>>> print(open('entry34.csv').read())   # CSV, N, CA and C atoms
chain,number,residue,atom,x,y,z
R,1,MET,N,1.7,-6.6,19.0
R,1,MET,CA,1.9,-6.1,17.6
R,1,MET,C,3.2,-6.6,17.1
R,2,GLN,N,3.1,-7.1,15.8
R,2,GLN,CA,4.3,-7.6,15.2
R,2,GLN,C,4.8,-6.5,14.3
R,3,THR,N,6.0,-6.1,14.7
R,3,THR,CA,6.7,-5.0,13.9
R,3,THR,C,8.1,-5.6,13.6
R,4,PHE,N,8.4,-5.5,12.3
R,4,PHE,CA,9.7,-6.0,11.9
R,4,PHE,C,10.5,-4.8,11.3
R,5,ASN,N,11.7,-4.6,11.8
R,5,ASN,CA,12.6,-3.6,11.2
R,5,ASN,C,13.7,-4.4,10.6
R,6,LEU,N,13.8,-4.4,9.2
R,6,LEU,CA,14.8,-5.1,8.5
R,6,LEU,C,16.0,-4.2,8.5
R,7,SER,N,17.1,-4.8,9.0
R,7,SER,CA,18.4,-4.0,9.1
R,7,SER,C,19.5,-4.9,8.7
R,8,LEU,N,20.4,-4.2,7.9
R,8,LEU,CA,21.6,-4.9,7.5
R,8,LEU,C,22.8,-4.5,8.3
R,9,GLU,N,22.6,-3.8,9.4
R,9,GLU,CA,23.7,-3.2,10.2
R,9,GLU,C,24.6,-4.3,10.8
R,10,ASN,N,24.1,-5.5,11.0
R,10,ASN,CA,24.9,-6.5,11.6
R,10,ASN,C,25.6,-7.4,10.6
R,11,MET,N,25.5,-7.1,9.4
R,11,MET,CA,26.2,-7.9,8.3
R,11,MET,C,27.6,-7.4,8.1
R,12,PRO,N,28.6,-8.1,8.5
R,12,PRO,CA,29.9,-7.6,8.5
R,12,PRO,C,30.5,-7.4,7.0
R,13,HIS,N,30.0,-8.2,6.1
R,13,HIS,CA,30.5,-8.1,4.7
R,13,HIS,C,30.0,-6.9,3.9
R,14,ARG,N,29.1,-6.1,4.5
R,14,ARG,CA,28.5,-4.9,3.9
R,14,ARG,C,29.4,-3.7,4.1
R,15,GLU,N,29.8,-3.0,3.1
R,15,GLU,CA,30.6,-1.8,3.3
R,15,GLU,C,29.7,-0.7,3.8
R,16,LYS,N,28.6,-0.6,3.2
R,16,LYS,CA,27.6,0.5,3.7
R,16,LYS,C,26.5,-0.2,4.5
R,17,LYS,N,26.4,0.2,5.7
R,17,LYS,CA,25.4,-0.4,6.5
R,17,LYS,C,24.1,0.4,6.4
R,18,LEU,N,23.0,-0.3,6.1
R,18,LEU,CA,21.7,0.3,6.0
R,18,LEU,C,20.9,0.1,7.3
R,19,LEU,N,20.3,1.1,7.8
R,19,LEU,CA,19.5,1.0,9.0
R,19,LEU,C,18.0,1.1,8.6
R,20,ASN,N,17.2,0.3,9.2
R,20,ASN,CA,15.7,0.4,9.1
R,20,ASN,C,15.3,0.6,7.6
R,21,ILE,N,15.6,-0.4,6.8
R,21,ILE,CA,15.2,-0.2,5.4
R,21,ILE,C,13.7,-0.4,5.1
R,22,ALA,N,13.1,-1.1,6.0
R,22,ALA,CA,11.6,-1.2,5.9
R,22,ALA,C,11.0,-1.5,7.3
R,23,LYS,N,9.8,-1.0,7.5
R,23,LYS,CA,9.1,-1.3,8.7
R,23,LYS,C,7.7,-1.9,8.3
R,24,VAL,N,7.4,-3.1,8.8
R,24,VAL,CA,6.2,-3.7,8.4
R,24,VAL,C,5.3,-3.9,9.7
R,25,GLU,N,4.1,-3.4,9.6
R,25,GLU,CA,3.2,-3.5,10.7
R,25,GLU,C,1.8,-3.9,10.2
R,26,ASN,N,1.1,-4.7,11.1
R,26,ASN,CA,-0.3,-5.0,10.8
R,26,ASN,C,-1.1,-3.7,10.9
R,27,MET,N,-2.1,-3.6,10.1
R,27,MET,CA,-3.0,-2.5,10.3
R,27,MET,C,-3.8,-2.7,11.6
R,28,ARG,N,-4.3,-1.7,12.2
R,28,ARG,CA,-5.0,-1.8,13.4
R,28,ARG,C,-6.5,-1.4,13.2
R,29,SER,N,-7.4,-2.0,13.8
R,29,SER,CA,-8.8,-1.7,13.8
R,29,SER,C,-9.0,-0.3,14.4
R,30,PRO,N,-9.7,0.6,13.7
R,30,PRO,CA,-10.0,1.9,14.2
R,30,PRO,C,-10.9,1.8,15.5
R,31,ARG,N,-11.7,0.8,15.6
R,31,ARG,CA,-12.6,0.6,16.7
R,31,ARG,C,-11.9,0.1,17.9
R,32,SER,N,-11.2,-1.1,17.8
R,32,SER,CA,-10.6,-1.8,18.9
R,32,SER,C,-9.1,-1.6,19.1
R,33,ASN,N,-8.5,-1.1,18.1
R,33,ASN,CA,-7.0,-0.9,18.0
R,33,ASN,C,-6.3,-2.2,18.0
R,34,LYS,N,-7.0,-3.3,17.7
R,34,LYS,CA,-6.4,-4.6,17.6
R,34,LYS,C,-5.8,-4.8,16.2
R,35,GLU,N,-4.7,-5.6,16.1
R,35,GLU,CA,-4.1,-5.9,14.8
R,35,GLU,C,-5.1,-6.6,13.9
R,36,ILE,N,-5.0,-6.3,12.7
R,36,ILE,CA,-5.9,-6.9,11.7
R,36,ILE,C,-5.0,-7.9,10.9
R,37,PRO,N,-5.3,-9.2,11.0
R,37,PRO,CA,-4.5,-10.2,10.3
R,37,PRO,C,-4.5,-9.9,8.8
R,38,ASN,N,-3.4,-10.2,8.1
R,38,ASN,CA,-3.2,-10.2,6.7
R,38,ASN,C,-3.4,-8.8,6.0
R,39,GLN,N,-3.4,-7.7,6.8
R,39,GLN,CA,-3.5,-6.4,6.3
R,39,GLN,C,-2.3,-5.6,6.8
R,40,PHE,N,-1.4,-5.2,5.9
R,40,PHE,CA,-0.1,-4.6,6.3
R,40,PHE,C,0.2,-3.2,5.8
R,41,ILE,N,0.8,-2.4,6.6
R,41,ILE,CA,1.4,-1.1,6.2
R,41,ILE,C,2.9,-1.3,6.2
R,42,ILE,N,3.5,-1.0,5.1
R,42,ILE,CA,5.0,-1.1,4.9
R,42,ILE,C,5.5,0.3,4.7
R,43,THR,N,6.4,0.7,5.6
R,43,THR,CA,7.0,2.0,5.5
R,43,THR,C,8.5,1.8,5.1
R,44,LEU,N,8.9,2.4,4.0
R,44,LEU,CA,10.3,2.3,3.6
R,44,LEU,C,11.1,3.4,4.1
R,45,GLN,N,12.4,3.3,4.1
R,45,GLN,CA,13.3,4.3,4.6
R,45,GLN,C,13.1,5.6,4.0
R,46,ASN,N,12.8,5.6,2.7
R,46,ASN,CA,12.6,6.8,1.9
R,46,ASN,C,11.3,7.5,2.1
R,47,GLY,N,10.4,7.0,3.0
R,47,GLY,CA,9.1,7.6,3.2
R,47,GLY,C,8.0,7.0,2.4
R,48,ILE,N,8.2,6.2,1.5
R,48,ILE,CA,7.2,5.5,0.7
R,48,ILE,C,6.4,4.6,1.6
R,49,THR,N,5.0,4.6,1.5
R,49,THR,CA,4.2,3.7,2.3
R,49,THR,C,3.4,2.8,1.3
R,50,VAL,N,3.3,1.6,1.8
R,50,VAL,CA,2.6,0.6,0.9
R,50,VAL,C,1.5,-0.1,1.7
R,51,PHE,N,0.4,-0.3,1.1
R,51,PHE,CA,-0.7,-1.1,1.7
R,51,PHE,C,-0.7,-2.4,1.0
R,52,GLN,N,-0.5,-3.5,1.8
R,52,GLN,CA,-0.5,-4.9,1.3
R,52,GLN,C,-1.6,-5.6,2.0
R,53,SER,N,-2.5,-6.3,1.2
R,53,SER,CA,-3.5,-7.2,1.7
R,53,SER,C,-3.2,-8.6,1.3
R,54,TYR,N,-3.0,-9.5,2.3
R,54,TYR,CA,-2.5,-10.8,2.1
R,54,TYR,C,-1.2,-10.7,1.4
R,55,ASN,N,-1.0,-11.3,0.2
R,55,ASN,CA,0.2,-11.2,-0.6
R,55,ASN,C,0.2,-10.2,-1.7
R,56,SER,N,-0.8,-9.4,-1.8
R,56,SER,CA,-1.0,-8.4,-2.9
R,56,SER,C,-0.7,-7.0,-2.4
R,57,ILE,N,0.1,-6.3,-3.2
R,57,ILE,CA,0.2,-4.9,-3.0
R,57,ILE,C,-1.0,-4.2,-3.6
R,58,ILE,N,-1.7,-3.4,-2.8
R,58,ILE,CA,-2.9,-2.8,-3.2
R,58,ILE,C,-2.7,-1.3,-3.6
R,59,CYS,N,-1.9,-0.6,-2.8
R,59,CYS,CA,-1.7,0.8,-2.9
R,59,CYS,C,-0.3,1.2,-2.5
R,60,ILE,N,0.3,2.2,-3.2
R,60,ILE,CA,1.5,2.8,-2.8
R,60,ILE,C,1.4,4.3,-2.8
R,61,LYS,N,1.9,5.0,-1.7
R,61,LYS,CA,1.9,6.4,-1.6
R,61,LYS,C,3.4,6.8,-1.7
R,62,ALA,N,3.8,7.6,-2.7
R,62,ALA,CA,5.2,7.9,-2.9
R,62,ALA,C,5.3,9.3,-3.5
R,63,ASP,N,6.1,10.2,-2.9
R,63,ASP,CA,6.4,11.5,-3.4
R,63,ASP,C,5.1,12.3,-3.8
R,64,ASN,N,4.1,12.3,-2.9
R,64,ASN,CA,2.8,12.9,-3.1
R,64,ASN,C,2.0,12.4,-4.3
R,65,GLU,N,2.3,11.2,-4.7
R,65,GLU,CA,1.6,10.4,-5.7
R,65,GLU,C,1.0,9.2,-5.1
R,66,THR,N,-0.2,8.8,-5.6
R,66,THR,CA,-0.8,7.5,-5.1
R,66,THR,C,-1.0,6.6,-6.3
R,67,TYR,N,-0.6,5.4,-6.1
R,67,TYR,CA,-0.7,4.3,-7.1
R,67,TYR,C,-1.5,3.2,-6.6
R,68,LEU,N,-2.5,2.8,-7.4
R,68,LEU,CA,-3.4,1.7,-7.0
R,68,LEU,C,-3.1,0.5,-8.0
R,69,ASP,N,-3.2,-0.7,-7.5
R,69,ASP,CA,-3.1,-1.9,-8.4
R,69,ASP,C,-4.3,-1.9,-9.3
R,70,TYR,N,-4.0,-2.0,-10.6
R,70,TYR,CA,-5.0,-2.0,-11.6
R,70,TYR,C,-6.1,-3.1,-11.4
R,71,GLU,N,-5.6,-4.3,-11.0
R,71,GLU,CA,-6.5,-5.4,-10.9
R,71,GLU,C,-7.1,-5.6,-9.5
R,72,ARG,N,-6.4,-5.2,-8.5
R,72,ARG,CA,-6.7,-5.6,-7.1
R,72,ARG,C,-7.2,-4.4,-6.2
R,73,TRP,N,-7.2,-3.2,-6.7
R,73,TRP,CA,-7.5,-2.1,-5.8
R,73,TRP,C,-8.8,-2.2,-5.2
R,74,ASN,N,-9.8,-2.8,-5.9
R,74,ASN,CA,-11.2,-2.9,-5.4
R,74,ASN,C,-11.6,-4.4,-5.4
R,75,TYR,N,-10.7,-5.3,-5.1
R,75,TYR,CA,-10.9,-6.7,-5.3
R,75,TYR,C,-12.0,-7.3,-4.5
R,76,SER,N,-12.1,-6.8,-3.2
R,76,SER,CA,-13.2,-7.4,-2.4
R,76,SER,C,-13.7,-6.3,-1.4
R,77,LYS,N,-14.7,-6.7,-0.7
R,77,LYS,CA,-15.2,-5.7,0.4
R,77,LYS,C,-14.2,-5.5,1.4
R,78,THR,N,-13.5,-6.6,1.8
R,78,THR,CA,-12.4,-6.4,2.8
R,78,THR,C,-11.3,-5.6,2.4
R,79,THR,N,-10.8,-5.9,1.1
R,79,THR,CA,-9.7,-5.1,0.6
R,79,THR,C,-10.1,-3.6,0.5
R,80,SER,N,-11.3,-3.3,0.1
R,80,SER,CA,-11.8,-1.9,0.0
R,80,SER,C,-11.9,-1.3,1.3
R,81,LYS,N,-12.4,-2.0,2.3
R,81,LYS,CA,-12.5,-1.5,3.7
R,81,LYS,C,-11.1,-1.0,4.2
R,82,TYR,N,-10.1,-1.8,4.0
R,82,TYR,CA,-8.8,-1.4,4.6
R,82,TYR,C,-8.0,-0.5,3.7
R,83,ARG,N,-8.3,-0.5,2.4
R,83,ARG,CA,-7.8,0.5,1.5
R,83,ARG,C,-8.3,1.9,1.8
R,84,ASN,N,-9.6,1.9,2.1
R,84,ASN,CA,-10.2,3.2,2.5
R,84,ASN,C,-9.6,3.7,3.8
R,85,ILE,N,-9.3,2.9,4.7
R,85,ILE,CA,-8.6,3.3,6.0
R,85,ILE,C,-7.2,3.8,5.6
R,86,PHE,N,-6.5,3.1,4.8
R,86,PHE,CA,-5.1,3.5,4.4
R,86,PHE,C,-5.1,4.9,3.7
R,87,LEU,N,-6.1,5.1,2.8
R,87,LEU,CA,-6.2,6.4,2.1
R,87,LEU,C,-7.0,7.4,2.8
R,88,ASN,N,-7.7,7.0,3.9
R,88,ASN,CA,-8.5,7.9,4.7
R,88,ASN,C,-9.6,8.6,3.8
R,89,GLU,N,-10.3,7.7,3.0
R,89,GLU,CA,-11.4,8.2,2.2
R,89,GLU,C,-12.3,7.0,1.8
R,90,SER,N,-13.4,7.3,1.2
R,90,SER,CA,-14.4,6.3,0.7
R,90,SER,C,-14.0,5.8,-0.7
R,91,THR,N,-14.6,4.7,-1.1
R,91,THR,CA,-14.4,4.1,-2.4
R,91,THR,C,-14.9,5.1,-3.4
R,92,VAL,N,-16.0,5.8,-3.2
R,92,VAL,CA,-16.5,6.9,-4.1
R,92,VAL,C,-15.4,7.9,-4.3
R,93,ASP,N,-14.8,8.4,-3.3
R,93,ASP,CA,-13.7,9.4,-3.4
R,93,ASP,C,-12.5,8.9,-4.2
R,94,THR,N,-12.2,7.6,-4.0
R,94,THR,CA,-11.1,7.0,-4.7
R,94,THR,C,-11.4,6.9,-6.2
R,95,VAL,N,-12.6,6.5,-6.5
R,95,VAL,CA,-13.0,6.4,-7.9
R,95,VAL,C,-12.9,7.8,-8.6
R,96,LYS,N,-13.4,8.8,-7.9
R,96,LYS,CA,-13.3,10.2,-8.4
R,96,LYS,C,-11.9,10.6,-8.7
R,97,LYS,N,-11.0,10.3,-7.8
R,97,LYS,CA,-9.6,10.6,-7.9
R,97,LYS,C,-8.9,9.9,-9.1
R,98,ILE,N,-9.4,8.6,-9.3
R,98,ILE,CA,-8.9,7.9,-10.4
R,98,ILE,C,-9.3,8.6,-11.7
R,99,GLY,N,-10.6,8.9,-11.8
R,99,GLY,CA,-11.2,9.6,-12.9
R,99,GLY,C,-10.6,10.9,-13.3
R,100,LEU,N,-10.2,11.6,-12.2
R,100,LEU,CA,-9.5,12.9,-12.4
R,100,LEU,C,-8.0,12.8,-12.7
R,101,GLY,N,-7.5,11.6,-12.6
R,101,GLY,CA,-6.1,11.4,-12.9
R,101,GLY,C,-5.2,11.7,-11.7
R,102,GLN,N,-5.8,11.9,-10.5
R,102,GLN,CA,-5.1,12.2,-9.3
R,102,GLN,C,-4.4,10.9,-8.8
R,103,TYR,N,-5.0,9.7,-9.0
R,103,TYR,CA,-4.4,8.4,-8.7
R,103,TYR,C,-4.1,7.7,-10.0
R,104,ALA,N,-3.0,7.0,-10.0
R,104,ALA,CA,-2.7,6.2,-11.2
R,104,ALA,C,-2.9,4.7,-10.9
R,105,CYS,N,-3.6,4.0,-11.8
R,105,CYS,CA,-3.8,2.6,-11.7
R,105,CYS,C,-2.7,1.9,-12.5
R,106,VAL,N,-1.9,1.1,-11.9
R,106,VAL,CA,-0.8,0.4,-12.5
R,106,VAL,C,-0.8,-1.1,-12.0
R,107,HIS,N,0.0,-1.9,-12.7
R,107,HIS,CA,0.1,-3.3,-12.2
R,107,HIS,C,1.2,-3.4,-11.2
R,108,LEU,N,0.9,-3.3,-9.9
R,108,LEU,CA,1.9,-3.3,-8.8
R,108,LEU,C,2.3,-4.7,-8.5
R,109,ASN,N,1.7,-5.8,-9.0
R,109,ASN,CA,2.0,-7.1,-8.6
R,109,ASN,C,2.5,-8.0,-9.7
R,110,LYS,N,3.0,-7.3,-10.8
R,110,LYS,CA,3.6,-8.0,-11.9
R,110,LYS,C,5.0,-7.4,-12.1
R,111,GLN,N,5.8,-8.0,-12.9
R,111,GLN,CA,7.2,-7.5,-13.2
R,111,GLN,C,7.1,-6.2,-13.9
R,112,SER,N,6.4,-6.1,-14.9
R,112,SER,CA,6.4,-4.8,-15.6
R,112,SER,C,5.3,-3.9,-15.0
R,113,VAL,N,5.6,-2.6,-14.8
R,113,VAL,CA,4.7,-1.7,-14.3
R,113,VAL,C,4.4,-0.7,-15.4
R,114,TYR,N,3.1,-0.6,-15.7
R,114,TYR,CA,2.7,0.4,-16.8
R,114,TYR,C,1.4,1.0,-16.4
R,115,HIS,N,1.1,2.2,-16.9
R,115,HIS,CA,-0.1,2.9,-16.6
R,115,HIS,C,-1.3,2.4,-17.4
R,116,HIS,N,-2.4,2.4,-16.8
R,116,HIS,CA,-3.7,2.1,-17.4
R,116,HIS,C,-4.8,3.1,-17.1
R,117,SER,N,-5.7,3.2,-18.0
R,117,SER,CA,-6.9,4.0,-17.6
R,117,SER,C,-8.0,3.0,-17.3
R,118,ILE,N,-8.9,3.2,-16.4
R,118,ILE,CA,-10.0,2.3,-16.1
R,118,ILE,C,-11.3,3.1,-16.1
R,119,LYS,N,-12.4,2.4,-16.4
R,119,LYS,CA,-13.7,3.0,-16.4
R,119,LYS,C,-14.1,3.3,-15.0
R,120,THR,N,-14.5,4.6,-14.8
R,120,THR,CA,-15.0,4.9,-13.4
R,120,THR,C,-16.5,5.2,-13.5
R,121,THR,N,-17.1,4.9,-14.6
R,121,THR,CA,-18.6,5.1,-14.7
R,121,THR,C,-19.4,4.0,-14.1
R,122,ASP,N,-18.7,2.9,-13.7
R,122,ASP,CA,-19.4,1.8,-13.1
R,122,ASP,C,-19.7,2.0,-11.6
R,123,TYR,N,-19.3,3.1,-11.1
R,123,TYR,CA,-19.4,3.3,-9.6
R,123,TYR,C,-20.4,4.4,-9.4
>>> encode(input="entry34.csv", output="structure tokens")
Amino acid sequence: MQTFNLSLENMPHREKKLLNIAKVENMRSPRSNKEIPNQFIITLQNGITVFQSYNSIICIKADNETYLDYERWNYSKTTSKYRNIFLNESTVDTVKKIGLGQYACVHLNKQSVYHHSIKTTDY
């Protein structure tokens, strides 16, 4: 398993030393427990968790809120499969939560982050 703990503690020019600012792990298969390439869970020091597929942020869980990338949250069958594992629910459940406003769809992969409404009647 590849686990990276980013730490600035050994940088002598820093007045405040930060420990474990982020932990990045490959997702693991629920069946085999093997690492899944290109599917990552990032855990930040403040408890925020991020699901990243390849180079795209798909979902963020922060302060009891869930944010999905407006364009990529349901990009492919593979993305959906691992997003479902991250959220511990089905795509149908995710769509319902988006429709009820329990999840926010935002642009997580662009400079400006702003809220959007999406149609959930297509599911």
>>> atom_distance(input="entry34.csv", atom1="CA of Glu71 (chain R)", atom2="atom N of Lys110 (chain R)")
9.7 Å
>>> residues_around(input="entry34.csv", residues="region 35-46 of chain R", least_positions_apart="5", cutoff="8 Å", atoms="only C-alpha atoms", output="list in words")
Met1, Asn20, Ile21, Ala22, Lys23, Val24, Glu25, Asn26, Met27, Arg28, Ser29, Phe51, Gln52, Ser53, Tyr54 and Tyr82 of chain R
>>> atom_distance(input="entry34.csv", atom1="atom N of Val106 (chain R)", atom2="CA of Leu68 (chain R)")
5.2 Å
>>> residues_near_point(input="entry34.csv", point="(-1.4, -5.0, -6.0)", cutoff="6 Å", atoms="only C-alpha atoms", output="ChimeraX atom specification")
/R:56-58,69,72,108-109
>>> residues_around(input="entry34.csv", residues="Glu65 (chain R)", least_positions_apart="3", cutoff="7 Å", atoms="all atoms listed in the file", output="NGL selection string")
:R and (60-62 or 102-104)
>>> atom_distance(input="entry34.csv", atom1="CA of Lys97 (chain R)", atom2="CA of Pro30 (chain R)")
23.8 Å
